[in-house]
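J.: Structure file query.cif (mmCIF, C-alpha atoms) is given on the next line.
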data_input
#
loop_
_atom_site.label_atom_id
_atom_site.label_comp_id
_atom_site.auth_asym_id
_atom_site.auth_seq_id
_atom_site.Cartn_x
_atom_site.Cartn_y
_atom_site.Cartn_z
CA MET F 2 85.27 65.19 148.08
CA LYS F 3 83.81 67.77 145.70
CA THR F 4 81.05 69.95 147.14
CA LEU F 5 78.71 72.07 145.03
CA ILE F 6 76.57 74.78 146.62
CA ARG F 7 73.87 75.96 144.23
CA ASN F 8 71.60 79.02 144.02
CA ALA F 9 73.14 80.91 146.94
CA LYS F 10 74.04 84.53 147.49
CA ILE F 11 77.84 84.63 147.29
CA ILE F 12 79.83 87.42 148.97
CA ASP F 13 83.50 87.07 148.06
CA SER F 14 84.94 89.78 150.42
CA LEU F 15 86.45 91.53 147.41
CA GLY F 16 83.35 93.73 147.14
CA ASN F 17 81.50 91.43 144.73
CA VAL F 18 78.07 89.92 145.35
CA ILE F 19 76.65 87.16 143.16
CA GLU F 20 72.93 86.53 143.42
CA ASP F 21 71.83 82.92 142.84
CA GLY F 22 75.39 81.76 142.29
CA ASP F 23 77.15 78.42 142.57
CA ILE F 24 80.49 77.46 144.10
CA LEU F 25 82.38 74.19 143.60
CA PHE F 26 85.27 73.16 145.86
CA ASP F 27 87.17 70.30 147.42
CA GLU F 28 90.13 69.77 149.74
CA THR F 29 92.51 71.24 147.15
CA GLY F 30 90.69 74.58 147.08
CA ILE F 31 87.95 76.51 145.33
CA LEU F 32 87.43 75.12 141.82
CA GLU F 33 84.70 77.28 140.25
CA ILE F 34 82.46 80.21 141.16
CA GLY F 35 79.50 81.51 139.15
CA ARG F 36 76.99 79.39 137.24
CA ILE F 37 78.07 75.75 137.18
CA ASN F 38 76.27 73.24 134.97
CA GLU F 39 78.02 69.92 135.63
CA GLU F 40 76.32 68.62 138.75
CA SER F 41 77.60 65.14 137.98
CA THR F 42 81.14 66.10 139.04
CA ALA F 43 80.06 66.88 142.63
CA ASP F 44 79.99 64.31 145.43
CA ARG F 45 77.85 66.55 147.62
CA ILE F 46 75.26 69.08 146.40
CA ILE F 47 73.80 71.69 148.78
CA ASP F 48 70.77 73.79 147.93
CA GLY F 49 71.79 77.34 148.78
CA SER F 50 68.36 78.91 148.27
CA GLY F 51 67.84 81.59 150.93
CA LYS F 52 71.43 81.18 152.09
CA THR F 53 74.61 83.25 151.86
CA VAL F 54 78.08 81.85 151.17
CA LEU F 55 81.07 83.75 152.53
CA PRO F 56 84.75 83.15 153.23
CA GLY F 57 85.21 81.45 156.59
CA PHE F 58 85.22 83.85 159.53
CA ILE F 59 88.49 84.68 161.30
CA ASP F 60 88.65 85.26 165.06
CA CYS F 61 91.87 87.09 165.93
CA HIS F 62 91.61 86.92 169.72
CA VAL F 63 90.89 83.51 171.24
CA HIS F 64 91.95 81.53 174.30
CA PRO F 65 91.03 78.07 172.97
CA ALA F 66 91.71 76.30 176.28
CA GLU F 67 89.74 78.98 178.13
CA LEU F 68 92.01 80.21 180.93
CA CYS F 69 92.74 76.65 182.01
CA ALA F 70 95.97 76.20 184.03
CA GLU F 71 95.64 72.55 185.01
CA ASP F 72 97.86 69.67 183.88
CA GLU F 73 99.10 69.41 180.30
CA ILE F 74 96.65 66.72 179.21
CA THR F 75 93.67 68.68 180.52
CA VAL F 76 94.84 71.88 178.84
CA ALA F 77 95.42 70.03 175.56
CA TYR F 78 91.92 68.54 175.73
CA HIS F 79 90.34 71.94 176.35
CA ALA F 80 92.40 73.52 173.57
CA TYR F 81 91.16 71.03 170.97
CA ARG F 82 87.60 71.06 172.26
CA GLY F 83 87.53 74.87 172.28
CA THR F 84 89.04 75.10 168.82
CA MET F 85 86.48 72.73 167.29
CA ALA F 86 83.61 74.52 169.04
CA LEU F 87 84.49 77.69 167.12
CA THR F 88 83.35 76.07 163.87
CA ARG F 89 79.79 76.46 165.19
CA SER F 90 80.31 80.20 164.73
CA GLY F 91 81.63 79.79 161.17
CA ILE F 92 85.25 80.31 162.22
CA THR F 93 87.85 78.65 160.00
CA THR F 94 90.94 80.50 161.27
CA LEU F 95 91.80 81.69 164.76
CA ARG F 96 94.67 83.49 166.44
CA SER F 97 95.32 81.98 169.86
CA VAL F 98 96.64 84.68 172.21
CA GLY F 99 97.33 82.82 175.44
CA THR F 100 97.45 79.08 176.11
CA LYS F 101 99.23 77.27 178.94
CA TYR F 102 102.07 74.89 178.02
CA ASN F 103 102.04 76.29 174.45
CA ALA F 104 99.35 73.70 173.70
CA ASP F 105 98.08 75.87 170.84
CA VAL F 106 101.46 75.63 169.08
CA ARG F 107 101.38 71.83 169.12
CA LEU F 108 97.71 71.74 168.07
CA ARG F 109 98.52 74.13 165.19
CA ASP F 110 101.21 71.74 163.98
CA MET F 111 98.93 68.71 164.24
CA ILE F 112 96.24 70.40 162.17
CA GLU F 113 98.74 71.64 159.57
CA SER F 114 100.26 68.16 159.21
CA GLY F 115 96.87 66.48 158.87
CA GLN F 116 97.06 64.58 162.16
CA ALA F 117 93.90 66.37 163.29
CA ASP F 118 91.08 68.23 161.59
CA GLY F 119 90.29 71.74 162.71
CA PRO F 120 90.44 75.43 161.91
CA ARG F 121 93.74 77.02 160.94
CA ILE F 122 95.58 78.32 164.04
CA LYS F 123 98.04 81.15 164.43
CA ALA F 124 99.53 80.56 167.87
CA ALA F 125 101.12 82.86 170.44
CA GLY F 126 101.72 80.20 173.09
CA GLU F 127 102.10 81.45 176.65
CA PRO F 128 101.76 85.24 177.06
CA ILE F 129 104.50 87.33 178.65
CA CYS F 130 103.35 88.87 181.95
CA ILE F 131 104.64 89.67 185.46
CA THR F 132 104.59 87.58 188.62
CA CYS F 133 101.10 87.78 190.14
CA GLY F 134 100.03 89.79 187.09
CA HIS F 135 97.29 89.48 184.52
CA CYS F 136 97.05 85.91 183.13
CA GLU F 137 100.05 84.67 185.13
CA GLU F 138 98.24 81.36 185.51
CA ILE F 139 98.68 80.66 181.79
CA GLY F 140 101.70 82.86 181.06
CA MET F 141 105.45 83.32 181.43
CA PRO F 142 106.02 85.63 184.43
CA CYS F 143 108.93 88.03 183.90
CA ASP F 144 110.00 90.71 186.37
CA THR F 145 113.17 91.98 184.73
CA VAL F 146 114.18 92.99 181.23
CA GLY F 147 116.53 90.01 181.07
CA GLU F 148 113.76 87.57 181.96
CA THR F 149 111.53 89.22 179.37
CA LEU F 150 114.12 88.92 176.62
CA LYS F 151 114.66 85.26 177.45
CA ALA F 152 110.92 84.55 177.47
CA ALA F 153 110.38 86.22 174.10
CA ARG F 154 113.35 84.42 172.55
CA THR F 155 112.18 81.11 174.01
CA LEU F 156 108.77 81.57 172.43
CA CYS F 157 110.37 82.35 169.07
CA ARG F 158 112.47 79.19 169.41
CA LYS F 159 109.21 77.27 169.85
CA ARG F 160 108.06 78.85 166.55
CA VAL F 161 105.12 80.89 167.80
CA ASP F 162 103.36 82.94 165.13
CA TRP F 163 102.87 85.94 167.44
CA LEU F 164 104.40 87.31 170.63
CA LYS F 165 101.69 88.28 173.13
CA MET F 166 102.35 90.40 176.22
CA MET F 167 100.31 91.76 179.11
CA PRO F 168 101.45 95.35 179.79
CA THR F 169 98.38 96.09 181.94
CA ALA F 170 95.97 94.38 184.29
CA GLY F 171 92.54 93.27 183.07
CA VAL F 172 88.93 92.87 184.09
CA LEU F 173 89.63 89.37 185.40
CA GLY F 174 92.00 89.35 188.35
CA VAL F 175 92.55 91.45 191.45
CA GLY F 176 92.91 95.23 191.34
CA PRO F 177 92.02 97.91 188.80
CA SER F 178 92.10 96.83 185.14
CA THR F 179 94.02 99.99 184.23
CA GLU F 180 97.10 99.16 186.32
CA ILE F 181 100.37 99.16 184.34
CA GLN F 182 102.35 95.96 184.93
CA LEU F 183 105.14 95.49 182.38
CA SER F 184 107.73 98.28 182.34
CA LYS F 185 108.47 100.31 179.22
CA GLU F 186 111.83 98.55 178.99
CA GLN F 187 110.13 95.15 179.08
CA ILE F 188 107.66 96.19 176.38
CA GLU F 189 110.52 97.41 174.18
CA ALA F 190 112.34 94.13 174.76
CA VAL F 191 109.42 92.07 173.45
CA ILE F 192 108.98 94.29 170.39
CA SER F 193 112.72 94.20 169.66
CA VAL F 194 112.74 90.39 169.77
CA GLY F 195 109.72 90.36 167.49
CA ARG F 196 111.57 92.50 164.96
CA ALA F 197 114.70 90.35 165.18
CA PHE F 198 112.76 87.12 164.56
CA ALA F 199 110.20 88.60 162.10
CA THR F 200 107.44 87.73 164.57
CA PRO F 201 104.54 90.19 164.97
CA THR F 202 103.62 91.45 168.43
CA CYS F 203 100.33 92.09 170.19
CA ALA F 204 99.50 93.42 173.64
CA HIS F 205 96.63 93.39 176.12
CA LEU F 206 96.12 97.13 176.79
CA MET F 207 93.65 98.72 179.22
CA ASN F 208 95.56 101.91 180.05
CA TYR F 209 96.09 105.10 178.00
CA GLU F 210 99.78 105.57 178.81
CA ALA F 211 100.62 101.93 178.02
CA LEU F 212 98.56 102.08 174.81
CA GLU F 213 100.36 105.20 173.62
CA PHE F 214 103.78 103.79 174.45
CA CYS F 215 103.14 100.46 172.69
CA VAL F 216 101.88 102.17 169.55
CA GLU F 217 104.91 104.46 169.40
CA ALA F 218 107.27 101.55 170.11
CA GLY F 219 106.07 99.72 167.01
CA LEU F 220 103.57 97.17 168.31
CA THR F 221 101.88 95.27 165.47
CA CYS F 222 98.41 94.95 167.00
CA VAL F 223 96.52 96.51 169.93
CA GLU F 224 94.19 94.18 171.84
CA HIS F 225 91.27 95.85 173.70
CA GLY F 226 92.68 99.40 173.69
CA TYR F 227 89.68 100.70 175.59
CA ASP F 228 91.27 104.09 176.37
CA MET F 229 91.76 105.00 172.71
CA ASP F 230 91.11 108.61 171.70
CA GLU F 231 91.21 110.39 168.34
CA ARG F 232 94.89 111.32 168.68
CA ILE F 233 96.07 107.76 169.27
CA ALA F 234 93.69 106.44 166.60
CA ARG F 235 95.21 108.80 164.03
CA ARG F 236 98.69 107.78 165.11
CA MET F 237 97.74 104.12 164.64
CA VAL F 238 96.58 104.94 161.12
CA GLU F 239 99.91 106.69 160.41
CA LEU F 240 101.95 103.75 161.72
CA GLY F 241 99.74 101.00 160.30
CA THR F 242 98.93 99.59 163.74
CA TRP F 243 96.09 97.06 163.81
CA TYR F 244 93.25 97.08 166.35
CA ILE F 245 91.21 94.20 167.82
CA PRO F 246 88.56 95.78 170.10
CA THR F 247 87.07 92.61 171.69
CA ALA F 248 83.90 94.54 172.49
CA THR F 249 81.84 91.42 173.23
CA VAL F 250 83.73 90.07 176.24
CA THR F 251 82.95 92.86 178.71
CA LEU F 252 79.34 93.02 177.49
CA ASN F 253 78.90 89.32 178.24
CA GLU F 254 80.73 89.47 181.57
CA SER F 255 78.66 92.43 182.77
CA THR F 256 75.41 90.85 181.48
CA TYR F 257 75.61 87.16 182.33
CA ILE F 258 77.68 86.99 185.53
CA LYS F 259 75.32 87.05 188.52
CA PRO F 260 77.52 88.00 191.51
CA THR F 261 77.45 85.79 194.59
CA ASN F 262 80.39 87.39 196.41
CA LYS F 263 82.39 90.63 196.65
CA HIS F 264 84.99 89.54 194.09
CA GLU F 265 82.32 88.79 191.47
CA GLU F 266 80.60 92.11 192.20
CA GLU F 267 83.89 93.91 191.53
CA LEU F 268 84.41 91.92 188.34
CA VAL F 269 80.98 92.89 186.99
CA GLU F 270 81.57 96.53 187.90
CA LYS F 271 84.93 96.53 186.08
CA ALA F 272 83.38 94.82 183.06
CA ALA F 273 80.54 97.34 182.87
CA ALA F 274 82.97 100.26 183.07
CA ALA F 275 85.19 98.68 180.41
CA GLN F 276 82.15 98.12 178.17
CA GLN F 277 81.40 101.85 178.15
CA LYS F 278 85.02 102.58 177.22
CA VAL F 279 85.25 100.05 174.42
CA ARG F 280 82.04 101.29 172.80
CA ASN F 281 83.61 104.75 172.61
CA ALA F 282 86.96 103.37 171.38
CA LEU F 283 85.22 101.30 168.72
CA LYS F 284 83.35 104.33 167.36
CA ILE F 285 86.56 106.36 167.26
CA ALA F 286 88.50 103.59 165.50
CA ILE F 287 85.79 103.20 162.84
CA ARG F 288 85.49 106.93 162.30
CA GLU F 289 89.25 107.47 162.02
CA GLY F 290 89.85 104.49 159.72
CA VAL F 291 92.06 102.37 161.98
CA LYS F 292 92.88 98.95 160.48
CA MET F 293 90.58 96.51 162.24
CA ALA F 294 89.87 92.81 162.25
CA VAL F 295 87.57 90.80 164.52
CA GLY F 296 88.41 89.18 167.86
CA THR F 297 86.11 88.05 170.66
CA ASP F 298 88.30 87.00 173.64
CA THR F 299 86.53 83.65 173.53
CA GLY F 300 87.64 81.63 176.54
CA CYS F 301 86.67 84.33 179.02
CA PRO F 302 83.45 83.86 181.04
CA PHE F 303 80.33 83.61 178.84
CA THR F 304 82.28 84.57 175.72
CA ASP F 305 81.83 81.50 173.54
CA PRO F 306 79.82 80.10 170.61
CA GLU F 307 76.95 79.19 172.93
CA HIS F 308 76.46 82.90 173.65
CA TYR F 309 77.04 83.91 170.00
CA ALA F 310 80.24 85.78 170.83
CA TYR F 311 81.37 86.23 167.23
CA ALA F 312 78.02 87.38 165.86
CA THR F 313 77.64 89.74 168.81
CA GLU F 314 81.03 91.29 168.04
CA LEU F 315 79.90 91.94 164.46
CA TYR F 316 76.63 93.46 165.74
CA LEU F 317 78.59 95.84 168.01
CA TYR F 318 80.65 96.96 165.00
CA ASN F 319 77.39 97.62 163.16
CA ILE F 320 75.76 99.78 165.84
CA SER F 321 79.06 101.65 166.24
CA GLY F 322 78.99 102.89 162.66
CA MET F 323 80.58 100.22 160.44
CA GLU F 324 78.72 99.31 157.24
CA PRO F 325 77.68 95.64 156.77
CA MET F 326 80.03 94.99 153.83
CA ASP F 327 82.95 96.45 155.80
CA ILE F 328 82.00 94.28 158.78
CA LEU F 329 82.13 91.16 156.63
CA LYS F 330 85.51 92.23 155.27
CA ALA F 331 86.79 92.78 158.82
CA ALA F 332 85.62 89.25 159.64
CA THR F 333 87.36 87.71 156.63
CA ILE F 334 89.95 89.41 154.41
CA ARG F 335 91.09 91.93 157.05
CA GLY F 336 91.75 89.14 159.53
CA ALA F 337 93.65 87.25 156.84
CA GLU F 338 95.75 90.34 156.11
CA LEU F 339 96.58 90.79 159.79
CA LEU F 340 97.64 87.17 160.09
CA GLY F 341 99.63 87.21 156.86
CA ILE F 342 97.53 84.52 155.17
CA ASP F 343 95.54 86.58 152.66
CA SER F 344 97.16 84.68 149.77
CA GLU F 345 95.54 81.49 151.15
CA THR F 346 92.21 82.52 152.59
CA GLY F 347 89.95 85.46 153.46
CA THR F 348 88.23 85.73 150.06
CA LEU F 349 86.32 83.42 147.73
CA GLU F 350 88.54 83.07 144.66
CA VAL F 351 89.37 80.13 142.44
CA GLY F 352 92.55 78.53 143.73
CA LYS F 353 92.26 79.73 147.31
CA CYS F 354 91.60 77.40 150.24
CA ALA F 355 87.99 76.38 150.56
CA ASP F 356 87.41 78.03 153.94
CA ILE F 357 83.69 78.64 153.63
CA VAL F 358 80.75 79.49 155.88
CA VAL F 359 77.12 79.13 154.81
CA LEU F 360 74.52 81.23 156.61
CA ASP F 361 70.75 81.21 156.60
CA GLY F 362 69.68 84.71 155.58
CA ASP F 363 71.51 87.75 154.24
CA PRO F 364 74.08 89.47 156.50
CA LEU F 365 74.13 92.53 154.22
CA ALA F 366 70.47 93.11 155.08
CA ASP F 367 70.81 92.04 158.71
CA VAL F 368 74.20 91.41 160.34
CA GLY F 369 72.33 89.26 162.85
CA ALA F 370 72.20 86.56 160.16
CA CYS F 371 75.79 85.75 161.17
CA ARG F 372 74.25 83.86 164.09
CA ASN F 373 72.64 81.44 161.65
CA VAL F 374 75.60 79.26 160.66
CA ARG F 375 74.45 76.24 158.69
CA TYR F 376 77.75 74.84 157.37
CA THR F 377 81.43 75.45 158.11
CA PHE F 378 84.06 74.06 155.73
CA CYS F 379 87.77 74.26 156.59
CA ARG F 380 90.05 73.63 153.60
CA GLY F 381 87.16 71.93 151.86
CA LYS F 382 86.29 69.58 154.74
CA LEU F 383 82.90 69.83 156.41
CA LEU F 384 83.58 70.43 160.10
CA TYR F 385 80.18 71.72 161.21
CA HIS F 386 76.64 71.22 159.96
CA ASN F 387 73.54 72.53 161.71
CA ALA F 388 70.92 70.24 160.23
#
Now, as a test, write the supplied structure out as structure tokens.
T.:
Amino acid sequence: MKTLIRNAKIIDSLGNVIEDGDILFDETGILEIGRINEESTADRIIDGSGKTVLPGFIDCHVHPAELCAEDEITVAYHAYRGTMALTRSGITTLRSVGTKYNADVRLRDMIESGQADGPRIKAAGEPICITCGHCEEIGMPCDTVGETLKAARTLCRKRVDWLKMMPTAGVLGVGPSTEIQLSKEQIEAVISVGRAFATPTCAHLMNYEALEFCVEAGLTCVEHGYDMDERIARRMVELGTWYIPTATVTLNESTYIKPTNKHEEELVEKAAAAQQKVRNALKIAIREGVKMAVGTDTGCPFTDPEHYAYATELYLYNISGMEPMDILKAATIRGAELLGIDSETGTLEVGKCADIVVLDGDPLADVGACRNVRYTFCRGKLLYHNA
């Protein structure tokens, strides 16, 4: 089906802005951009007056099945439901960084083969952790280097797109979030397997020593990295290490969770402390020019489309010193570059996939407009419409 959006502001994520422009696309890709006269060729015409058209947003840190560790059918249901819910935030591509039973890998394949509609998925399957460690309920617990090597190789055999590991504890769970869990030898094992199988690596990092070691060992992408300082940020720039701050998750956990017991009180306290750290890390990363894309940690408590997790993440980038155009690039082309799909998506160009979000308002004037998602198209198909 051909769709024509007329008279909209078009931001292509290449640095170009077209005022009162048109864009024509279908399931094969973007067909024309600019001023288009032949309305008769379109099956659907959308009046874009007062609206902005952008490349579909990319969320590089999602748990689509939440942190569900129930039976396989239940996890699969939550994975699909959570993936489709992301279209409400304008998300057309996501990187899943922890799903029980590798349900995200199977869902990725179903979407790619056309058996199901949904956003593009880059899947990490089950994360590598330790017994009784962070995210063990959805992960592959490994307590020796040998077990870690086998887990990483097994994931590569299942054709994951990323290897995800948990070198430290987190806000959720028992104990301090800064506790180191995986050994240096285990971390090196995961990264070595990633190199051998040409599979990028990412790591949940809430501790300075673990962050520094992972960066020096050749990790592809730092998740959270709340203890970042200027020295490590500059080293990440030198090595080309990517950073996904996930600033929203601890803000939402410390804001919306109303403690009813001691455990929940501790969780809120840890989240509030982590929120102060990530605000500082985010400012440092922006100032030092670290390569950044956008990730929310959707699937954690109160971090979801209902609470505008993605738009909130963009707002936090804005108040931390990132310019609106750079924020939109982080949400689109930078995420595509990180995931290795920038030849397919991430910008609005003729011939690229029609991954498109339509907003009410102008996000260059007010980043808060990213809350106002009116349409989400994935590969030319309309998957979300807020009438």
J.: How close does each residue of stretch 148-225 of chain F get to stretch 93-116 of chain F, giving the shortest atom pair and distance in Å to one decimal for every residue with an atom at most 10 Å away, counting only C-alpha atoms, sorted by chain and residue number, as a Markdown table?
T.:
| residue | atom | partner | partner_atom | distance |
| --- | --- | --- | --- | --- |
| F:Leu156 | CA | F:Asn103 | CA | 8.8 |
| F:Lys159 | CA | F:Val106 | CA | 8.0 |
| F:Arg160 | CA | F:Val106 | CA | 7.8 |
| F:Val161 | CA | F:Val106 | CA | 6.5 |
| F:Asp162 | CA | F:Val106 | CA | 8.5 |
| F:Trp163 | CA | F:Val98 | CA | 7.9 |
| F:Leu164 | CA | F:Val98 | CA | 8.3 |
| F:Lys165 | CA | F:Val98 | CA | 6.3 |
| F:Met166 | CA | F:Val98 | CA | 9.0 |
| F:Cys203 | CA | F:Val98 | CA | 8.5 |
| F:Ala204 | CA | F:Val98 | CA | 9.3 |
| F:His205 | CA | F:Val98 | CA | 9.5 |
| F:Glu224 | CA | F:Val98 | CA | 9.8 |
J.: Do you know which residues are at most 9 Å from F:Ser184 counting all atoms listed in the file, after dropping those on the same chain fewer than 3 positions away, and could you put them as a PyMOL selection string?
T.: chain F and resi 144-146+168+181+187-189
J.: Taking C-alpha atoms for each residue, export the selection above as a PDB file, keeping the file's coordinate frame.
T.:
ATOM      1  CA  ASP F 144     110.000  90.710 186.370  1.00  0.00           C
ATOM      2  CA  THR F 145     113.170  91.980 184.730  1.00  0.00           C
ATOM      3  CA  VAL F 146     114.180  92.990 181.230  1.00  0.00           C
ATOM      4  CA  PRO F 168     101.450  95.350 179.790  1.00  0.00           C
ATOM      5  CA  ILE F 181     100.370  99.160 184.340  1.00  0.00           C
ATOM      6  CA  GLN F 187     110.130  95.150 179.080  1.00  0.00           C
ATOM      7  CA  ILE F 188     107.660  96.190 176.380  1.00  0.00           C
ATOM      8  CA  GLU F 189     110.520  97.410 174.180  1.00  0.00           C
TER       9      GLU F 189
END
J.: I'd like the residues picked by the PyMOL selection byres ((chain F and resi 57) around 9) written out as number ranges by chain, using the chain letters and numbers from the file.
T.: F: 54-56, 58-59, 91-94, 332-333, 346-348, 355-359, 377-379
J.: Evaluate the PyMOL selection byres ((chain F and resi 28-40) around 6) here and jot the selected residues down as JSON, numbers by chain.
T.: {"F": [22, 23, 24, 25, 26, 27, 41, 42, 43, 351, 352, 353, 354, 355, 380, 381]}
J.: Please list as a list in words every residue within 10 Å of stretch 134-136 of chain F, counting all atoms listed in the file and excluding residues in the same chain fewer than 6 positions away.
T.: Leu68, Ala70, Gly99, Thr100, Lys101, Glu127, Pro128, Pro142, Cys143, Met166, Met167, Pro168, Thr169, Ala170, Gly171, Val172, Leu173, Gly174, Val175, Gly176, Ser178, Glu180, Ile181, Gln182, Leu183 and His205 of chain F
J.: Run the PyMOL selection byres ((chain F and resi 231) around 10) against the file shown and list the residues it catches, as a PyMOL selection string.
T.: chain F and resi 229-230+232-237+282+284-286+288-289
J.: What is the distance, in Å and to one decimal place, between atom CA of F:Ile328 and atom CA of F:Leu365?
T.: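 That distance, rounded to one decimal, is 9.3 Å.
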J.: Kindly give the distance, in Å, that separates atom CA of F:Leu339 and atom CA of F:Ala294, rounded to a single decimal.
T.: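 So the two atoms, atom CA of F:Leu339 and atom CA of F:Ala294, lie 7.4 Å apart.
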J.: Could you please determine the separation between atom CA of F:Ser50 and atom CA of F:Leu87 in Å, to one decimal place?
T.: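 Going from atom CA of F:Ser50 over to atom CA of F:Leu87, I get 24.8 Å.
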J.: Hey, can you pull every residue with an atom no more than 6 Å from (84.7, 96.8, 173.7), using only C-alpha atoms, and send it as a PyMOL selection string?
T.: chain F and resi 246-248+276+279-280
J.: Name all residues at most 7 Å from F:Asp361 (count all atoms listed in the file; drop same-chain ones fewer than 6 positions away) and give them as a PyMOL selection string.
T.: chain F and resi 51-53+370+373-375
J.: Write out as a ChimeraX atom specification the residues lying within 7 Å of F:Thr251, counting all atoms listed in the file and excluding same-chain residues fewer than 4 positions away.
T.: /F:255,272-273,275-276
J.: Which residues are close to F:Gly16, i.e. within 10 Å by only C-alpha atoms, leaving aside same-chain residues fewer than 4 positions away? Reply as number ranges by chain.
T.: F: 12, 326-327, 329-330, 348
J.: Tell me which of F:Asn253, F:Glu265, F:Gly119, F:Arg154 sits closest to F:Glu307, counting all atoms listed in the file.
T.: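 Distance minimum relative to F:Glu307 lands on F:Asn253.
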J.: Using all atoms listed in the file, which of F:Ala124, F:Val238, F:Val291, F:Ile11 sits nearest F:Leu360?
T.: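 Smallest separation from F:Leu360 among the options: F:Ile11.
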J.: Which is closer to F:Glu314 than all the others in F:Glu266, F:Ile122, F:Glu350, F:Asp60, using only C-alpha atoms?
T.: F:Asp60
J.: For each of F:Leu349, F:Ala190, F:Val76, F:Asp363, take the minimum atom-to-atom distance to F:Ala9, counting all atoms listed in the file, then give the residue where this is smallest.
T.: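 Going through F:Leu349, F:Ala190, F:Val76, F:Asp363 one by one, the smallest distance to F:Ala9 is for F:Asp363.
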J.: Of the candidates F:Ile46, F:Val194, F:Ile139, F:Ala86, which one gets nearest to F:Leu5 if we count all atoms listed in the file?
T.: F:Ile46
J.: Choose the residue, out of F:Tyr244, F:Tyr78, F:Phe198, F:Tyr316, that has the smallest atom-to-atom separation from F:Val216; count all atoms listed in the file.
T.: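 Once distances to F:Val216 are computed over all atoms listed in the file, the minimum belongs to F:Tyr244.
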J.: Could you list as JSON, numbers by chain every residue that has an atom within 6 Å of (104.5, 88.2, 161.7), using the file's coordinates and counting all atoms listed in the file?
T.: {"F": [199, 200, 201]}
J.: How would stretch 87-111 of chain F look written as an mmCIF file, in the first residue's frame with C-alpha atoms?
T.:
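The resulting part18.cif:
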data_model
loop_
_atom_site.group_PDB
_atom_site.id
_atom_site.type_symbol
_atom_site.label_atom_id
_atom_site.label_comp_id
_atom_site.auth_asym_id
_atom_site.auth_seq_id
_atom_site.Cartn_x
_atom_site.Cartn_y
_atom_site.Cartn_z
ATOM 1 C CA LEU F 87 6.865 -0.011 21.731
ATOM 2 C CA THR F 88 5.306 1.216 18.487
ATOM 3 C CA ARG F 89 3.239 3.586 20.652
ATOM 4 C CA SER F 90 6.522 5.391 21.342
ATOM 5 C CA GLY F 91 7.456 5.546 17.650
ATOM 6 C CA ILE F 92 9.972 2.715 17.939
ATOM 7 C CA THR F 93 10.563 0.720 14.756
ATOM 8 C CA THR F 94 13.762 -1.084 15.811
ATOM 9 C CA LEU F 95 14.790 -2.434 19.197
ATOM 10 C CA ARG F 96 17.748 -4.263 20.658
ATOM 11 C CA SER F 97 16.568 -6.879 23.138
ATOM 12 C CA VAL F 98 19.191 -7.320 25.872
ATOM 13 C CA GLY F 99 17.778 -10.082 28.053
ATOM 14 C CA THR F 100 14.872 -12.449 27.403
ATOM 15 C CA LYS F 101 14.220 -15.840 28.978
ATOM 16 C CA TYR F 102 14.247 -18.905 26.691
ATOM 17 C CA ASN F 103 15.752 -16.746 23.895
ATOM 18 C CA ALA F 104 12.174 -15.843 22.975
ATOM 19 C CA ASP F 105 13.422 -12.619 21.375
ATOM 20 C CA VAL F 106 15.542 -14.600 18.896
ATOM 21 C CA ARG F 107 12.543 -16.603 17.699
ATOM 22 C CA LEU F 108 10.334 -13.497 17.559
ATOM 23 C CA ARG F 109 13.037 -11.712 15.528
ATOM 24 C CA ASP F 110 12.995 -14.545 13.008
ATOM 25 C CA MET F 111 9.205 -14.571 12.767
#
